[in-house]
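To start, the structure itself, in structure tokens.
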Amino acid sequence: MRILRFLLLVFSLGLNVMATAFTGTYGINYGRIADNIPSPDKVVRLLKAAKIKNVRIYDADHSVLNAFKGTGLELVIGLPNGYVKEMSANADHALTWVKDNVKAFLPETHIVGIAVGNEVLGGSDYDLAVALLDAVKNIYNATKKLGIDDRVQISTAHSQGVFTNSYPPSACIFKEGVAQLMKPLLEFFSQIGSPFCLNAYPFLAYTYNSDKIDINYALFQPTEGIYDEKTDLHYDNLLDAQIDAAYAALEDAGFKKMEVIITETGWASHGDQSEPAATPSNARTYHYNLRKRLAKRKGTPMRPKSVLKAYIFALFNENSKGGAGSEKYYGLFKADGSISYDIGFPGLKSSYASSSRVSFQDLGAGKWFGSHSLVLAISAPILVLLFGL
């Protein structure tokens with residue numbers, strides 16, 4: 001009764017109920033830059049068998065939205081970078097886009113979020129970066145006008161290219177050229193209750209600095225780690241350090257209370273000769289240990305009470321992606337639906353769903369444009385700053 005009275009009080013006061021887009025701690029990115037992956041209805045079967053509820057896609061493809069109807073899976077859809085300038089300049093177009101791609105599918109399809117662009121700030125397109133804030137506002141206002149702002153969260157994901165001076169983590173700040181655009185965006189997200197979304201890849205950090213970064217540190221394996229003298233905090237894995245660097249930058253910008261969510265992280269299982277760490281063994285180790293890490297429902301050294309949430313990149317290997325060889329091999333699953341390596345998930349092929357599969361209990365728990373080209377472009381200077389190299 002107390003809870004009921006509280007809820008009645010909230011609504012009687014006309015307070016905003018802010019949307020949240022993540023249940024639990026584990027999610028996955030469903031990229032589709034491939035011509036040989038399973039159909040969306042089979043993907044639903046795969047996700048439900050793996051008990052993965054949180055899913056991100058990089059567009060608003062109606063075949064996917066229809067396949068997710070009535071499944072209970074929670075979906076964050078993407079507004080591609082190519083639409084950002086249009087949505088920024090025309091509120092009516094934003095309203096139409098939200099009406100056709102979100103409102104039309106609710107509530108049968110559980111669309112819980114819209115990601116406006118991907119890795120826009122810190123990139124080479126300044127006009128696109130300038131347009132981001134108004135695009136975000138117009139998309140949000142469209143959800144509000146349509147009465148779905150309390151169930152659909154608005155966000156945008158950032159690469160580590162928005163940071164500078166990131167070693168140790170406590171020294172991290174936003175780049176000077178980014179900060180002037182980032183701060184008003186953060187102010188708006190603070191008002192509507194959206195988190196800071198970060199794409200973080202220990203794999204890339206290690207790949208381009210393998211002579212200076214201990215691979216065990218990148219793979220959540222036993223290691224000496226690093227010590228941050230300013231905060232008196234110890235880090236035993238690279239991902240936690242990357243996340244706390246983001247928290248430090250947010251605090252420096254005046255947004256200490258904003259939550260950081262990992263919207264992409266992964267480890268490739270194959271790659272070019274220049275990517276020797278892209279092996280099935282390393283990919284399995286990273287993802288197995290990350291899954292254990294998330295199952296513990298704990299925070300980072302700097303934010304121990306803020307439970308870490310992460311979307312894994314990616315669901316499938318994607319054979320049509322360009323760039324480095326590794327870009328095609330981030331999938332937990334191969335194109336035929338079988339597992340790329342065993343971290344406890346069943347595949348679509350029965351031969352890969354044997355009883356010898358790792359169980360989630362073993363982990364200590366009961367329950368085109370997502371490219372990394374931007375990270376590759378900034379890897380040399382930024383990774384030096386991120387890890388004190």
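The chains in the structure tokens are called A, B, ... from first to last as shown; in each chain the residues are counted from 1, and the ligands are counted from 1 in the order shown.
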
**Message:** Run DSSP on the backbone and tell me which residues of stretch 182-382 of chain A come out as helix (DSSP H, G or I); list them as number ranges by chain.
**Reply:** A: 182-192, 202-208, 215-218, 238-252, 280-295, 325-328, 350-352, 360-363, 373-382

Stretch 60-114 of chain A residues near stretch 26-36 of chain A within 12 Å, closest pair each, using only C-alpha atoms, as JSON lines:
{"residue": "A:Ala60", "atom": "CA", "partner": "A:Gly31", "partner_atom": "CA", "distance": 11.7}
{"residue": "A:Asp61", "atom": "CA", "partner": "A:Arg32", "partner_atom": "CA", "distance": 10.2}
{"residue": "A:Ser63", "atom": "CA", "partner": "A:Arg32", "partner_atom": "CA", "distance": 11.9}
{"residue": "A:Val64", "atom": "CA", "partner": "A:Tyr30", "partner_atom": "CA", "distance": 10.0}
{"residue": "A:Leu73", "atom": "CA", "partner": "A:Gly27", "partner_atom": "CA", "distance": 10.4}
{"residue": "A:Glu74", "atom": "CA", "partner": "A:Gly27", "partner_atom": "CA", "distance": 9.4}
{"residue": "A:Leu75", "atom": "CA", "partner": "A:Gly27", "partner_atom": "CA", "distance": 9.8}
{"residue": "A:Val76", "atom": "CA", "partner": "A:Asn29", "partner_atom": "CA", "distance": 9.3}
{"residue": "A:Ile77", "atom": "CA", "partner": "A:Tyr30", "partner_atom": "CA", "distance": 10.1}
{"residue": "A:Gly78", "atom": "CA", "partner": "A:Gly31", "partner_atom": "CA", "distance": 10.9}

**Prompt:** Out of A:Thr300, A:Ala205, A:Ile213, A:Gly266, which residue has the shortest atom-to-atom distance to A:Ile226 when counting only C-alpha atoms?
**Reply:**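 When distances to A:Ile226 are compared using only C-alpha atoms, the smallest one comes from A:Ile213.
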
Could I get the residues of stretch 225-266 of chain A with an atom no further than 12 Å from an atom of stretch 290-293 of chain A, each paired with its nearest atom pair and that distance in Å to one decimal, using only C-alpha atoms, sorted by chain and residue number, as CSV?
residue,atom,partner,partner_atom,distance
A:Asp236,CA,A:Arg293,CA,11.8
A:Asn237,CA,A:Leu290,CA,10.2
A:Leu238,CA,A:Leu290,CA,11.3
A:Leu239,CA,A:Leu290,CA,9.3
A:Asp240,CA,A:Arg293,CA,10.3
A:Ile262,CA,A:Leu290,CA,11.9
A:Thr265,CA,A:Leu290,CA,9.6
A:Gly266,CA,A:Leu290,CA,9.3

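In this model, the gap between atom CA of A:Val43 and atom CA of A:Glu264 comes to 19.0 Å.
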
**Asked** If you measure from atom CA of A:His158 to atom CA of A:Cys197, what distance in Å do you get, rounded to one decimal?
**Response**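 Separating atom CA of A:His158 from atom CA of A:Cys197 is a distance of 6.1 Å.
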
**Prompt:** Can you list, as an MDAnalysis selection string, every protein, DNA or RNA residue that comes within 12 Å of A:Leu185 when you count only C-alpha atoms, leaving out same-chain residues fewer than 2 positions away?
**Reply:** chainID A and resid 116 120:121 129:137 154:158 178:183 187:192 194:196 250 253 255

Based on the selection just made, write C-alpha atoms of those residues as a short mmCIF file (atom, residue, chain, number, x, y, z; two decimals), in the first residue's frame.
data_model
loop_
_atom_site.label_atom_id
_atom_site.label_comp_id
_atom_site.auth_asym_id
_atom_site.auth_seq_id
_atom_site.Cartn_x
_atom_site.Cartn_y
_atom_site.Cartn_z
CA VAL A 116 20.58 9.45 -31.95
CA VAL A 120 29.32 11.79 -33.61
CA LEU A 121 31.35 14.01 -31.26
CA ALA A 129 28.67 17.31 -34.41
CA VAL A 130 27.05 20.74 -34.26
CA ALA A 131 23.74 19.28 -35.43
CA LEU A 132 23.64 16.54 -32.78
CA LEU A 133 22.12 18.50 -29.89
CA ASP A 134 19.16 19.84 -31.86
CA ALA A 135 18.57 16.40 -33.37
CA VAL A 136 18.48 14.92 -29.86
CA LYS A 137 16.10 17.63 -28.68
CA ILE A 154 16.97 9.19 -25.74
CA SER A 155 20.76 8.82 -25.87
CA THR A 156 23.83 8.92 -28.10
CA ALA A 157 27.00 6.85 -27.87
CA HIS A 158 30.54 8.26 -27.72
CA VAL A 178 34.60 18.47 -27.92
CA ALA A 179 33.77 20.07 -24.57
CA GLN A 180 31.96 23.08 -26.05
CA LEU A 181 29.51 20.74 -27.78
CA MET A 182 29.48 18.04 -25.10
CA LYS A 183 28.48 20.21 -22.15
CA GLU A 187 23.00 19.34 -19.63
CA PHE A 188 20.03 18.22 -21.69
CA PHE A 189 20.60 14.55 -20.91
CA SER A 190 20.83 15.44 -17.24
CA GLN A 191 17.42 17.12 -17.46
CA ILE A 192 15.75 14.12 -19.10
CA SER A 194 19.67 9.89 -19.84
CA PRO A 195 23.05 8.24 -19.18
CA PHE A 196 26.44 8.86 -20.77
CA LEU A 250 31.91 13.95 -16.45
CA ALA A 253 32.43 18.97 -16.68
CA PHE A 255 27.97 16.10 -14.18
#

**Prompt:** Which one of A:Met18, A:Val44, A:Ala324, A:Ile343 sits closest to A:Arg284 if you count only C-alpha atoms?
**Reply:** A:Ile343

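Distance check against A:Leu95 using only C-alpha atoms: of A:Ile312, A:Leu146, A:Ile215, A:Ile114, the minimum falls on A:Leu146.
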
**Prompt:** Counting only C-alpha atoms, what is within 8 Å of A:Ser281, bar same-chain residues fewer than 3 positions away, as a list of chain:residue names?
**Reply:**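 The residues that qualify are A:Ser269, A:Arg284, A:Thr285, A:Tyr341.
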
Once you have the residues from the selection above, write them out as a compact mmCIF listing (two decimals), in the first residue's frame, restricted to N, CA and C atoms.
# COMPACT_ATOMS: atom_id res chain seq x y z
N SER A 269 37.57 -12.26 -32.81
CA SER A 269 38.12 -13.61 -32.77
C SER A 269 39.07 -13.90 -33.93
N ARG A 284 37.15 -15.44 -26.37
CA ARG A 284 36.40 -16.21 -25.37
C ARG A 284 36.76 -15.74 -23.96
N THR A 285 38.06 -15.56 -23.70
CA THR A 285 38.49 -15.14 -22.36
C THR A 285 37.88 -13.80 -22.00
N TYR A 341 32.57 -19.24 -30.00
CA TYR A 341 33.35 -19.87 -28.93
C TYR A 341 32.39 -20.02 -27.76

**Prompt:** What gap, in Å, lies between atom CA of A:Ser170 and atom CA of A:Ala248?
**Reply:** 5.3 Å

**Request:** Output as a list in words all residues of stretch 153-298 of chain A that backbone DSSP marks as strand (DSSP E).
**Result:** Gln153, Ile154, Ser155, Thr156, Ala157, His158, Phe163, Thr164, Ile173, Phe174, Phe196, Cys197, Leu198, Asn199, Ile226, Tyr227, Asp228, Leu233, His234, Tyr235, Val260, Ile261, Ile262, Thr263, Glu264 and Thr265 of chain A

Close residues, A:Trp97 itself excluded, 9 Å, only C-alpha atoms, min 3 positions apart in chain, as a JSON list (two decimals) with N, CA, C and O atoms, in the first residue's frame:
[["chain", "number", "residue", "atom", "x", "y", "z"],
["A", 87, "MET", "N", 17.17, 15.72, -38.96],
["A", 87, "MET", "CA", 16.35, 15.78, -37.76],
["A", 87, "MET", "C", 16.65, 17.03, -36.94],
["A", 87, "MET", "O", 15.79, 17.57, -36.24],
["A", 92, "ASP", "N", 9.48, 18.68, -37.63],
["A", 92, "ASP", "CA", 8.37, 17.90, -38.20],
["A", 92, "ASP", "C", 8.86, 16.56, -38.74],
["A", 92, "ASP", "O", 8.17, 15.54, -38.61],
["A", 93, "HIS", "N", 10.04, 16.57, -39.34],
["A", 93, "HIS", "CA", 10.62, 15.32, -39.82],
["A", 93, "HIS", "C", 10.94, 14.38, -38.66],
["A", 93, "HIS", "O", 10.77, 13.16, -38.76],
["A", 94, "ALA", "N", 11.42, 14.96, -37.57],
["A", 94, "ALA", "CA", 11.71, 14.15, -36.38],
["A", 94, "ALA", "C", 10.43, 13.52, -35.84],
["A", 94, "ALA", "O", 10.41, 12.34, -35.46],
["A", 100, "ASP", "N", 6.53, 6.96, -37.19],
["A", 100, "ASP", "CA", 6.55, 5.81, -38.10],
["A", 100, "ASP", "C", 7.40, 4.66, -37.59],
["A", 100, "ASP", "O", 7.12, 3.49, -37.90],
["A", 101, "ASN", "N", 8.45, 4.96, -36.83],
["A", 101, "ASN", "CA", 9.42, 3.93, -36.45],
["A", 101, "ASN", "C", 9.39, 3.53, -34.98],
["A", 101, "ASN", "O", 10.03, 2.55, -34.60],
["A", 102, "VAL", "N", 8.65, 4.27, -34.18],
["A", 102, "VAL", "CA", 8.57, 3.95, -32.75],
["A", 102, "VAL", "C", 7.11, 3.80, -32.32],
["A", 102, "VAL", "O", 6.67, 2.73, -31.95],
["A", 139, "ILE", "N", 14.11, 14.84, -31.46],
["A", 139, "ILE", "CA", 13.63, 13.46, -31.28],
["A", 139, "ILE", "C", 12.96, 13.31, -29.93],
["A", 139, "ILE", "O", 11.89, 12.70, -29.80],
["A", 142, "ALA", "N", 9.62, 14.96, -29.93],
["A", 142, "ALA", "CA", 8.67, 14.14, -30.68],
["A", 142, "ALA", "C", 8.08, 13.04, -29.78],
["A", 142, "ALA", "O", 6.87, 12.78, -29.81]]
